[in-house]
>>> print(open('protein_26.pdb').read())   # PDB, C-alpha atoms
ATOM      1  CA  GLU A   1     110.154  31.588  82.717
ATOM      2  CA  PRO A   2     113.386  32.874  81.183
ATOM      3  CA  GLU A   3     112.953  35.240  78.286
ATOM      4  CA  VAL A   4     114.861  37.195  75.699
ATOM      5  CA  THR A   5     114.728  40.927  76.322
ATOM      6  CA  GLN A   6     115.334  43.670  73.793
ATOM      7  CA  THR A   7     115.931  47.362  74.218
ATOM      8  CA  PRO A   8     114.753  49.835  73.181
ATOM      9  CA  SER A   9     111.258  48.837  72.165
ATOM     10  CA  HIS A  10     111.131  51.671  69.657
ATOM     11  CA  GLN A  11     113.955  53.712  68.139
ATOM     12  CA  VAL A  12     113.655  56.605  65.765
ATOM     13  CA  THR A  13     116.803  57.704  63.989
ATOM     14  CA  GLN A  14     117.821  59.977  61.175
ATOM     15  CA  MET A  15     119.048  58.522  57.927
ATOM     16  CA  GLY A  16     122.801  58.055  57.979
ATOM     17  CA  GLN A  17     123.029  57.711  61.738
ATOM     18  CA  GLU A  18     124.382  54.665  63.516
ATOM     19  CA  VAL A  19     122.059  52.616  65.703
ATOM     20  CA  ILE A  20     122.712  49.826  68.137
ATOM     21  CA  LEU A  21     119.951  47.437  69.033
ATOM     22  CA  ARG A  22     120.446  45.502  72.219
ATOM     23  CA  CYS A  23     119.376  42.050  73.304
ATOM     24  CA  VAL A  24     119.875  39.939  76.384
ATOM     25  CA  PRO A  25     119.483  36.285  75.360
ATOM     26  CA  ILE A  26     118.518  33.519  77.734
ATOM     27  CA  SER A  27     121.531  32.918  79.934
ATOM     28  CA  ASN A  28     122.411  29.296  79.122
ATOM     29  CA  HIS A  29     121.726  29.569  75.401
ATOM     30  CA  LEU A  30     124.580  29.226  72.961
ATOM     31  CA  TYR A  31     123.151  30.403  69.644
ATOM     32  CA  PHE A  32     121.965  33.902  68.964
ATOM     33  CA  TYR A  33     120.082  35.339  66.024
ATOM     34  CA  TRP A  34     118.752  38.530  64.561
ATOM     35  CA  TYR A  35     115.707  38.593  62.320
ATOM     36  CA  ARG A  36     113.798  41.507  60.929
ATOM     37  CA  GLN A  37     110.315  42.137  59.597
ATOM     38  CA  ILE A  38     109.647  45.042  57.304
ATOM     39  CA  LEU A  39     106.043  46.176  57.594
ATOM     40  CA  GLY A  40     103.810  43.923  55.544
ATOM     41  CA  GLN A  41     106.585  41.470  54.710
ATOM     42  CA  LYS A  42     107.877  38.180  56.057
ATOM     43  CA  VAL A  43     110.160  37.756  59.021
ATOM     44  CA  GLU A  44     113.639  37.457  57.479
ATOM     45  CA  PHE A  45     116.796  35.947  58.889
ATOM     46  CA  LEU A  46     119.739  38.310  59.214
ATOM     47  CA  VAL A  47     122.494  36.557  61.112
ATOM     48  CA  SER A  48     123.333  33.812  63.561
ATOM     49  CA  PHE A  49     126.146  33.902  66.083
ATOM     50  CA  TYR A  50     127.880  31.133  67.979
ATOM     51  CA  ASN A  51     131.070  30.895  69.947
ATOM     52  CA  ASN A  52     131.776  34.601  69.470
ATOM     53  CA  GLU A  53     131.602  34.577  65.737
ATOM     54  CA  ILE A  54     129.079  34.768  62.958
ATOM     55  CA  SER A  55     128.019  31.279  61.948
ATOM     56  CA  GLU A  56     125.658  32.254  59.164
ATOM     57  CA  LYS A  57     124.398  35.433  57.540
ATOM     58  CA  SER A  58     121.929  36.362  54.854
ATOM     59  CA  GLU A  59     122.383  38.575  51.825
ATOM     60  CA  ILE A  60     120.701  41.367  53.756
ATOM     61  CA  PHE A  61     123.494  41.373  56.313
ATOM     62  CA  ASP A  62     125.974  43.496  54.394
ATOM     63  CA  ASP A  63     128.895  45.598  55.571
ATOM     64  CA  GLN A  64     126.535  48.097  57.156
ATOM     65  CA  PHE A  65     125.566  45.529  59.762
ATOM     66  CA  SER A  66     127.616  44.038  62.547
ATOM     67  CA  VAL A  67     126.941  41.966  65.627
ATOM     68  CA  GLU A  68     128.773  41.678  68.875
ATOM     69  CA  ARG A  69     128.560  39.981  72.214
ATOM     70  CA  PRO A  70     130.544  42.507  74.179
ATOM     71  CA  ASP A  71     130.231  41.241  77.725
ATOM     72  CA  GLY A  72     128.945  37.687  77.758
ATOM     73  CA  SER A  73     125.341  38.679  78.324
ATOM     74  CA  ASN A  74     124.377  41.313  75.772
ATOM     75  CA  PHE A  75     124.084  40.631  72.063
ATOM     76  CA  THR A  76     123.986  43.705  69.876
ATOM     77  CA  LEU A  77     123.154  44.546  66.289
ATOM     78  CA  LYS A  78     124.758  47.663  64.900
ATOM     79  CA  ILE A  79     123.706  49.404  61.725
ATOM     80  CA  ARG A  80     126.468  51.832  60.774
ATOM     81  CA  SER A  81     124.674  54.222  58.470
ATOM     82  CA  THR A  82     120.950  53.712  58.480
ATOM     83  CA  LYS A  83     118.836  53.917  55.355
ATOM     84  CA  LEU A  84     115.108  54.451  55.043
ATOM     85  CA  GLU A  85     114.726  50.827  53.995
ATOM     86  CA  ASP A  86     116.212  49.662  57.293
ATOM     87  CA  SER A  87     112.961  50.654  58.977
ATOM     88  CA  ALA A  88     111.580  47.411  60.360
ATOM     89  CA  MET A  89     110.891  45.403  63.470
ATOM     90  CA  TYR A  90     114.095  43.692  64.564
ATOM     91  CA  PHE A  91     113.808  40.481  66.562
ATOM     92  CA  CYS A  92     116.545  38.913  68.601
ATOM     93  CA  ALA A  93     116.360  35.192  69.338
ATOM     94  CA  SER A  94     118.412  32.606  71.147
ATOM     95  CA  SER A  95     118.471  28.833  71.276
ATOM     96  CA  LEU A  96     120.248  26.248  73.323
ATOM     97  CA  TRP A  97     121.489  24.342  70.311
ATOM     98  CA  THR A  98     121.141  24.711  66.548
ATOM     99  CA  GLY A  99     118.002  24.615  64.417
ATOM    100  CA  GLY A 100     116.872  21.343  65.916
ATOM    101  CA  THR A 101     115.680  23.143  69.000
ATOM    102  CA  GLU A 102     113.297  25.996  69.377
ATOM    103  CA  ALA A 103     114.412  29.582  69.211
ATOM    104  CA  PHE A 104     113.091  31.954  71.853
ATOM    105  CA  PHE A 105     112.297  35.413  70.557
ATOM    106  CA  GLY A 106     112.370  38.829  72.136
ATOM    107  CA  GLN A 107     109.573  41.368  71.793
ATOM    108  CA  GLY A 108     111.362  43.213  69.066
ATOM    109  CA  THR A 109     112.692  46.706  68.499
ATOM    110  CA  ARG A 110     110.794  48.832  66.038
ATOM    111  CA  LEU A 111     113.345  50.894  64.152
ATOM    112  CA  THR A 112     112.066  53.900  62.248
ATOM    113  CA  VAL A 113     114.516  55.712  59.991
ATOM    114  CA  VAL A 114     113.427  59.213  58.990
TER     115      VAL A 114
ATOM    116  CA  ALA B   1     115.921  28.998  47.533
ATOM    117  CA  GLN B   2     113.837  27.450  50.244
ATOM    118  CA  SER B   3     110.519  29.105  50.942
ATOM    119  CA  VAL B   4     107.514  28.798  53.222
ATOM    120  CA  SER B   5     103.978  29.746  52.244
ATOM    121  CA  GLN B   6     100.965  30.452  54.383
ATOM    122  CA  HIS B   7      97.880  30.567  52.263
ATOM    123  CA  ASN B   8      95.641  32.733  54.381
ATOM    124  CA  HIS B   9      96.676  36.257  55.276
ATOM    125  CA  HIS B  10      93.610  37.016  57.353
ATOM    126  CA  VAL B  11      91.074  34.753  58.977
ATOM    127  CA  ILE B  12      87.996  35.924  60.832
ATOM    128  CA  LEU B  13      85.881  33.464  62.749
ATOM    129  CA  SER B  14      83.558  33.230  65.710
ATOM    130  CA  GLU B  15      84.273  31.681  69.069
ATOM    131  CA  ALA B  16      83.873  27.902  69.124
ATOM    132  CA  ALA B  17      84.564  27.644  65.406
ATOM    133  CA  SER B  18      87.305  25.357  64.213
ATOM    134  CA  LEU B  19      90.522  26.790  62.860
ATOM    135  CA  GLU B  20      92.894  25.408  60.269
ATOM    136  CA  LEU B  21      95.849  27.370  58.943
ATOM    137  CA  GLY B  22      97.797  26.066  56.007
ATOM    138  CA  CYS B  23     101.567  25.981  55.696
ATOM    139  CA  ASN B  24     103.573  24.590  52.827
ATOM    140  CA  TYR B  25     107.279  24.624  52.266
ATOM    141  CA  SER B  26     109.496  24.065  49.310
ATOM    142  CA  TYR B  27     111.414  20.856  48.975
ATOM    143  CA  GLY B  28     114.601  21.055  50.919
ATOM    144  CA  GLY B  29     115.444  17.701  52.406
ATOM    145  CA  THR B  30     115.212  17.184  56.126
ATOM    146  CA  VAL B  31     113.254  19.849  57.959
ATOM    147  CA  ASN B  32     112.300  20.892  61.445
ATOM    148  CA  LEU B  33     108.912  22.581  61.586
ATOM    149  CA  PHE B  34     107.501  25.171  63.945
ATOM    150  CA  TRP B  35     104.407  27.235  64.541
ATOM    151  CA  TYR B  36     104.841  30.472  66.435
ATOM    152  CA  VAL B  37     102.121  32.803  67.684
ATOM    153  CA  GLN B  38     102.358  36.508  68.345
ATOM    154  CA  TYR B  39      99.646  37.996  70.535
ATOM    155  CA  PRO B  40      99.123  41.746  70.228
ATOM    156  CA  GLY B  41     102.059  43.579  71.760
ATOM    157  CA  GLN B  42     103.907  40.440  72.709
ATOM    158  CA  HIS B  43     106.850  38.425  71.453
ATOM    159  CA  LEU B  44     106.779  35.405  69.196
ATOM    160  CA  GLN B  45     105.964  32.335  71.255
ATOM    161  CA  LEU B  46     106.342  28.731  70.232
ATOM    162  CA  LEU B  47     103.048  26.887  69.838
ATOM    163  CA  LEU B  48     104.454  23.561  68.730
ATOM    164  CA  LYS B  49     107.286  21.926  66.862
ATOM    165  CA  TYR B  50     108.003  18.833  64.835
ATOM    166  CA  PHE B  51     111.395  17.209  64.499
ATOM    167  CA  SER B  52     110.617  13.547  63.906
ATOM    168  CA  GLY B  53     108.288  10.743  64.948
ATOM    169  CA  ASP B  54     104.512  10.989  65.138
ATOM    170  CA  PRO B  55     103.460  13.439  62.418
ATOM    171  CA  LEU B  56     100.552  14.661  64.531
ATOM    172  CA  VAL B  57     101.988  17.089  67.021
ATOM    173  CA  LYS B  58     100.162  18.564  69.975
ATOM    174  CA  GLY B  59     101.122  21.949  71.293
ATOM    175  CA  ILE B  60     100.029  24.421  73.889
ATOM    176  CA  LYS B  61      96.555  25.936  74.241
ATOM    177  CA  GLY B  62      94.819  23.093  72.424
ATOM    178  CA  PHE B  63      96.639  23.537  69.124
ATOM    179  CA  GLU B  64      97.873  20.668  67.011
ATOM    180  CA  ALA B  65      99.591  20.331  63.661
ATOM    181  CA  GLU B  66     100.003  17.550  61.164
ATOM    182  CA  PHE B  67     103.130  17.009  59.117
ATOM    183  CA  ILE B  68     102.360  15.488  55.727
ATOM    184  CA  LYS B  69     105.703  14.821  54.139
ATOM    185  CA  SER B  70     104.313  13.979  50.703
ATOM    186  CA  LYS B  71     102.551  17.331  50.554
ATOM    187  CA  PHE B  72     105.347  19.374  52.167
ATOM    188  CA  SER B  73     102.718  20.669  54.552
ATOM    189  CA  PHE B  74     102.446  21.400  58.247
ATOM    190  CA  ASN B  75      98.939  22.681  58.887
ATOM    191  CA  LEU B  76      97.867  24.067  62.227
ATOM    192  CA  ARG B  77      94.493  23.222  63.733
ATOM    193  CA  LYS B  78      92.376  23.992  66.731
ATOM    194  CA  PRO B  79      88.931  22.409  67.103
ATOM    195  CA  SER B  80      87.310  25.265  68.987
ATOM    196  CA  VAL B  81      88.818  28.736  69.146
ATOM    197  CA  GLN B  82      88.438  31.338  71.854
ATOM    198  CA  TRP B  83      88.538  35.107  71.684
ATOM    199  CA  SER B  84      91.988  34.921  73.299
ATOM    200  CA  ASP B  85      93.318  33.112  70.216
ATOM    201  CA  THR B  86      93.229  36.392  68.337
ATOM    202  CA  ALA B  87      96.835  36.744  67.200
ATOM    203  CA  GLU B  88      99.187  36.400  64.264
ATOM    204  CA  TYR B  89     100.392  32.890  63.527
ATOM    205  CA  PHE B  90     103.673  32.127  61.823
ATOM    206  CA  CYS B  91     104.837  28.891  60.299
ATOM    207  CA  ALA B  92     108.625  28.519  60.323
ATOM    208  CA  VAL B  93     110.910  25.889  58.860
ATOM    209  CA  ASN B  94     114.491  24.995  59.544
ATOM    210  CA  PHE B  95     115.856  23.514  56.342
ATOM    211  CA  LYS B  96     118.672  21.566  57.893
ATOM    212  CA  ALA B  97     120.809  21.521  54.765
ATOM    213  CA  ALA B  98     120.788  25.318  54.807
ATOM    214  CA  GLY B  99     122.047  25.749  58.332
ATOM    215  CA  ASN B 100     120.306  26.631  61.547
ATOM    216  CA  LYS B 101     118.187  29.607  60.536
ATOM    217  CA  LEU B 102     114.418  29.680  60.377
ATOM    218  CA  THR B 103     112.558  30.528  57.201
ATOM    219  CA  PHE B 104     109.185  32.068  57.972
ATOM    220  CA  GLY B 105     105.892  32.103  56.182
ATOM    221  CA  GLY B 106     104.123  35.396  55.740
ATOM    222  CA  GLY B 107     101.945  34.996  58.807
ATOM    223  CA  THR B 108      98.194  34.721  59.217
ATOM    224  CA  ARG B 109      96.268  37.242  61.251
ATOM    225  CA  VAL B 110      93.436  35.511  63.066
ATOM    226  CA  LEU B 111      90.580  37.494  64.546
ATOM    227  CA  VAL B 112      88.166  35.621  66.757
ATOM    228  CA  LYS B 113      84.907  37.426  67.319
ATOM    229  CA  PRO B 114      83.334  36.958  70.748
TER     230      PRO B 114
END
>>> encode(input="protein_26.pdb", output="structure tokens")
Amino acid sequence: EPEVTQTPSHQVTQMGQEVILRCVPISNHLYFYWYRQILGQKVEFLVSFYNNEISEKSEIFDDQFSVERPDGSNFTLKIRSTKLEDSAMYFCASSLWTGGTEAFFGQGTRLTVV
Amino acid sequence: AQSVSQHNHHVILSEAASLELGCNYSYGGTVNLFWYVQYPGQHLQLLLKYFSGDPLVKGIKGFEAEFIKSKFSFNLRKPSVQWSDTAEYFCAVNFKAAGNKLTFGGGTRVLVKP
């Protein structure tokens, strides 16, 4: 069964450093998403991406965040200057169409900012 | 803002017991409804979904959910749980007027004792 894969599974970084979280969505999917879950809190939407541009973003997704689909297979989330409060589990997801179809999620990357 | 609530944070029950997890969402017009499950160490997996039609939806692994529009609810049920149902369960809603993102409930950790 096709699946969304994320790397790394766990990343530890120093405050102020840049991190890039990587995702390989399911190959024929058209919509891509990043969500995050801070420990003990709800899974929160960050951004959705379609046709090589951001289609929707939340208030959390400020100028420190960016997304890219550099090569037609990978989908990356970059945090330019990490803060302690960026520590969370980051989930990538993809779907064939928009919200009317299910999103398939990756296993997540646990980001720890120290 | 649209929101999703799951009433139980933790549920502990014995094998063969029946399970019902509550999910309510705020009014937001037309919705698509989902239940995801996350087994320990694994990614979020779709259990079932509701878009339209019969409000009683059957999913994988013997789970079902009932959409009650008047109550803004989408409760998950399983008549007889197994130890392997130990997991965290997430209700998620796509409020179609708000785009294609999912809004998640807080999750319910279910522990099934053998």
>>> interface_residues(input="protein_26.pdb", of="chain B", to="chain A", cutoff="9 Å", atoms="all atoms listed in the file", output="CSV table (one decimal) with C-alpha atoms, in the coordinates of the input")
chain,number,residue,atom,x,y,z
B,31,VAL,CA,113.3,19.8,58.0
B,32,ASN,CA,112.3,20.9,61.4
B,34,PHE,CA,107.5,25.2,63.9
B,41,GLY,CA,102.1,43.6,71.8
B,42,GLN,CA,103.9,40.4,72.7
B,43,HIS,CA,106.8,38.4,71.5
B,44,LEU,CA,106.8,35.4,69.2
B,45,GLN,CA,106.0,32.3,71.3
B,46,LEU,CA,106.3,28.7,70.2
B,49,LYS,CA,107.3,21.9,66.9
B,51,PHE,CA,111.4,17.2,64.5
B,94,ASN,CA,114.5,25.0,59.5
B,95,PHE,CA,115.9,23.5,56.3
B,96,LYS,CA,118.7,21.6,57.9
B,99,GLY,CA,122.0,25.7,58.3
B,100,ASN,CA,120.3,26.6,61.5
B,101,LYS,CA,118.2,29.6,60.5
B,102,LEU,CA,114.4,29.7,60.4
B,103,THR,CA,112.6,30.5,57.2
B,104,PHE,CA,109.2,32.1,58.0
B,105,GLY,CA,105.9,32.1,56.2
B,106,GLY,CA,104.1,35.4,55.7
B,107,GLY,CA,101.9,35.0,58.8
>>> residues_around(input="protein_26.pdb", residues="range 64-80 of chain A", least_positions_apart="2", cutoff="8 Å", atoms="only C-alpha atoms", output="VMD selection string")
chain A and resid 16 to 25 27 32 34 52 54 61 to 62 82
>>> resolve_selection(input="protein_26.pdb", expression="the PyMOL selection byres ((chain B and resi 110) around 9)", output="VMD selection string")
chain B and resid 9 to 13 85 to 89 108 to 109 111 to 112
>>> atom_distance(input="protein_26.pdb", atom1="CA of Gly29 in chain B", atom2="CA of Asn75 in chain B")
18.4 Å
>>> resolve_selection(input="protein_26.pdb", expression="the PyMOL selection byres ((chain A and resi 113) around 7)", output="list of chain:residue names")
A:Val12, A:Thr13, A:Gln14, A:Met15, A:Thr82, A:Lys83, A:Leu84, A:Asp86, A:Ser87, A:Leu111, A:Thr112, A:Val114
>>> write_last_selection(input="protein_26.pdb", atoms="C-alpha atoms", output="compact mmCIF listing (two decimals), in the coordinates of the input")
# COMPACT_ATOMS: atom_id res chain seq x y z
CA VAL A 12 113.66 56.60 65.76
CA THR A 13 116.80 57.70 63.99
CA GLN A 14 117.82 59.98 61.18
CA MET A 15 119.05 58.52 57.93
CA THR A 82 120.95 53.71 58.48
CA LYS A 83 118.84 53.92 55.36
CA LEU A 84 115.11 54.45 55.04
CA ASP A 86 116.21 49.66 57.29
CA SER A 87 112.96 50.65 58.98
CA LEU A 111 113.34 50.89 64.15
CA THR A 112 112.07 53.90 62.25
CA VAL A 114 113.43 59.21 58.99
>>> resolve_selection(input="protein_26.pdb", expression="the PyMOL selection byres ((chain B and resi 19-27) around 6)", output="list in words")
Gln2, Ser3, Val4, Ser5, Gln6, His7, Ser18, Gly28, Phe72, Ser73, Phe74, Asn75, Leu76, Arg77 and Lys78 of chain B
>>> atom_distance(input="protein_26.pdb", atom1="CA of Ser81 in chain A", atom2="CA of Arg36 in chain A")
16.9 Å
>>> atom_distance(input="protein_26.pdb", atom1="CA of Ser80 in chain B", atom2="CA of Pro114 in chain B")
12.5 Å
>>> residues_near_point(input="protein_26.pdb", point="(100.1, 22.0, 70.8)", cutoff="7 Å", atoms="all atoms listed in the file", output="list in words")
Leu47, Leu48, Val57, Lys58, Gly59, Ile60, Lys61, Gly62, Phe63 and Glu64 of chain B
>>> axis_aligned_box(input="protein_26.pdb", around="range 72-86 of chain A", padding_each_side="3 Å", output="AutoDock Vina command-line options")
--center_x 121.8 --center_y 46.1 --center_z 66.2 --size_x 20.2 --size_y 22.8 --size_z 30.3
>>> closest_residue(input="protein_26.pdb", among="B:Tyr50, B:Ile68, B:Ala1, B:Lys113", to="Trp83 in chain B", atoms="all atoms listed in the file")
B:Lys113
>>> decode(input="protein_26.pdb", residues="range 41-67 of chain A", atoms="N, CA, C and O atoms", output="CSV table (one decimal), in the first residue's frame")
chain,number,residue,atom,x,y,z
A,41,GLN,N,-1.1,18.7,23.2
A,41,GLN,CA,-2.0,19.6,22.5
A,41,GLN,C,-2.6,18.9,21.3
A,41,GLN,O,-2.3,17.8,20.9
A,42,LYS,N,-3.5,19.6,20.6
A,42,LYS,CA,-4.2,19.1,19.5
A,42,LYS,C,-3.3,19.1,18.2
A,42,LYS,O,-2.3,19.9,18.2
A,43,VAL,N,-3.6,18.2,17.3
A,43,VAL,CA,-2.9,18.3,16.0
A,43,VAL,C,-3.5,19.6,15.3
A,43,VAL,O,-4.7,19.8,15.2
A,44,GLU,N,-2.5,20.4,14.8
A,44,GLU,CA,-2.9,21.7,14.3
A,44,GLU,C,-2.4,21.8,12.8
A,44,GLU,O,-1.3,21.4,12.5
A,45,PHE,N,-3.3,22.4,12.0
A,45,PHE,CA,-2.9,22.6,10.6
A,45,PHE,C,-1.9,23.7,10.5
A,45,PHE,O,-2.0,24.7,11.1
A,46,LEU,N,-0.9,23.5,9.6
A,46,LEU,CA,0.0,24.5,9.3
A,46,LEU,C,-0.2,25.1,7.9
A,46,LEU,O,-0.4,26.3,7.8
A,47,VAL,N,-0.2,24.3,6.9
A,47,VAL,CA,-0.2,24.8,5.5
A,47,VAL,C,-0.6,23.7,4.6
A,47,VAL,O,-0.4,22.5,4.9
A,48,SER,N,-1.2,24.1,3.5
A,48,SER,CA,-1.5,23.2,2.4
A,48,SER,C,-0.9,23.7,1.1
A,48,SER,O,-0.7,25.0,1.0
A,49,PHE,N,-0.7,22.8,0.2
A,49,PHE,CA,0.1,23.2,-1.0
A,49,PHE,C,-0.4,22.4,-2.2
A,49,PHE,O,-0.7,21.2,-2.1
A,50,TYR,N,-0.6,23.2,-3.2
A,50,TYR,CA,-1.2,22.6,-4.4
A,50,TYR,C,-0.7,23.3,-5.6
A,50,TYR,O,-0.6,24.6,-5.6
A,51,ASN,N,-0.4,22.6,-6.7
A,51,ASN,CA,0.1,23.2,-7.9
A,51,ASN,C,1.2,24.2,-7.7
A,51,ASN,O,1.3,25.3,-8.2
A,52,ASN,N,2.2,23.7,-6.8
A,52,ASN,CA,3.4,24.4,-6.6
A,52,ASN,C,3.2,25.8,-5.9
A,52,ASN,O,4.1,26.7,-6.0
A,53,GLU,N,2.1,25.9,-5.2
A,53,GLU,CA,2.0,27.1,-4.4
A,53,GLU,C,1.2,26.8,-3.1
A,53,GLU,O,0.4,25.8,-3.1
A,54,ILE,N,1.3,27.7,-2.1
A,54,ILE,CA,0.5,27.5,-0.9
A,54,ILE,C,-0.9,27.8,-1.2
A,54,ILE,O,-1.2,28.9,-1.8
A,55,SER,N,-1.8,26.9,-0.9
A,55,SER,CA,-3.2,27.2,-1.1
A,55,SER,C,-3.9,27.7,0.2
A,55,SER,O,-4.9,28.4,0.1
A,56,GLU,N,-3.3,27.4,1.3
A,56,GLU,CA,-3.9,27.8,2.6
A,56,GLU,C,-2.9,27.7,3.7
A,56,GLU,O,-2.0,26.8,3.6
A,57,LYS,N,-2.9,28.6,4.6
A,57,LYS,CA,-2.0,28.5,5.7
A,57,LYS,C,-2.6,29.1,7.0
A,57,LYS,O,-3.6,29.9,6.9
A,58,SER,N,-2.2,28.6,8.1
A,58,SER,CA,-2.7,29.0,9.4
A,58,SER,C,-1.9,30.2,9.9
A,58,SER,O,-0.9,30.6,9.4
A,59,GLU,N,-2.4,30.7,11.1
A,59,GLU,CA,-1.7,31.8,11.7
A,59,GLU,C,-0.3,31.4,12.2
A,59,GLU,O,0.6,32.2,12.4
A,60,ILE,N,-0.2,30.1,12.5
A,60,ILE,CA,1.1,29.6,13.0
A,60,ILE,C,2.1,29.7,11.9
A,60,ILE,O,3.3,30.0,12.2
A,61,PHE,N,1.8,29.6,10.7
A,61,PHE,CA,2.7,29.5,9.6
A,61,PHE,C,3.1,30.9,9.2
A,61,PHE,O,2.6,31.6,8.3
A,62,ASP,N,4.1,31.4,10.0
A,62,ASP,CA,4.5,32.8,9.8
A,62,ASP,C,5.8,32.8,8.9
A,62,ASP,O,6.1,31.8,8.3
A,63,ASP,N,6.5,34.0,8.9
A,63,ASP,CA,7.6,34.1,8.0
A,63,ASP,C,8.8,33.2,8.3
A,63,ASP,O,9.7,33.1,7.5
A,64,GLN,N,8.7,32.6,9.5
A,64,GLN,CA,9.8,31.7,9.8
A,64,GLN,C,9.7,30.3,9.1
A,64,GLN,O,10.6,29.5,9.0
A,65,PHE,N,8.5,30.1,8.6
A,65,PHE,CA,8.2,28.8,7.9
A,65,PHE,C,8.1,29.0,6.4
A,65,PHE,O,7.7,30.0,5.9
A,66,SER,N,8.6,27.9,5.7
A,66,SER,CA,8.4,27.9,4.3
A,66,SER,C,8.2,26.5,3.8
A,66,SER,O,8.7,25.5,4.5
A,67,VAL,N,7.6,26.3,2.7
A,67,VAL,CA,7.4,24.9,2.1
A,67,VAL,C,7.9,25.0,0.7
A,67,VAL,O,7.8,26.0,0.0
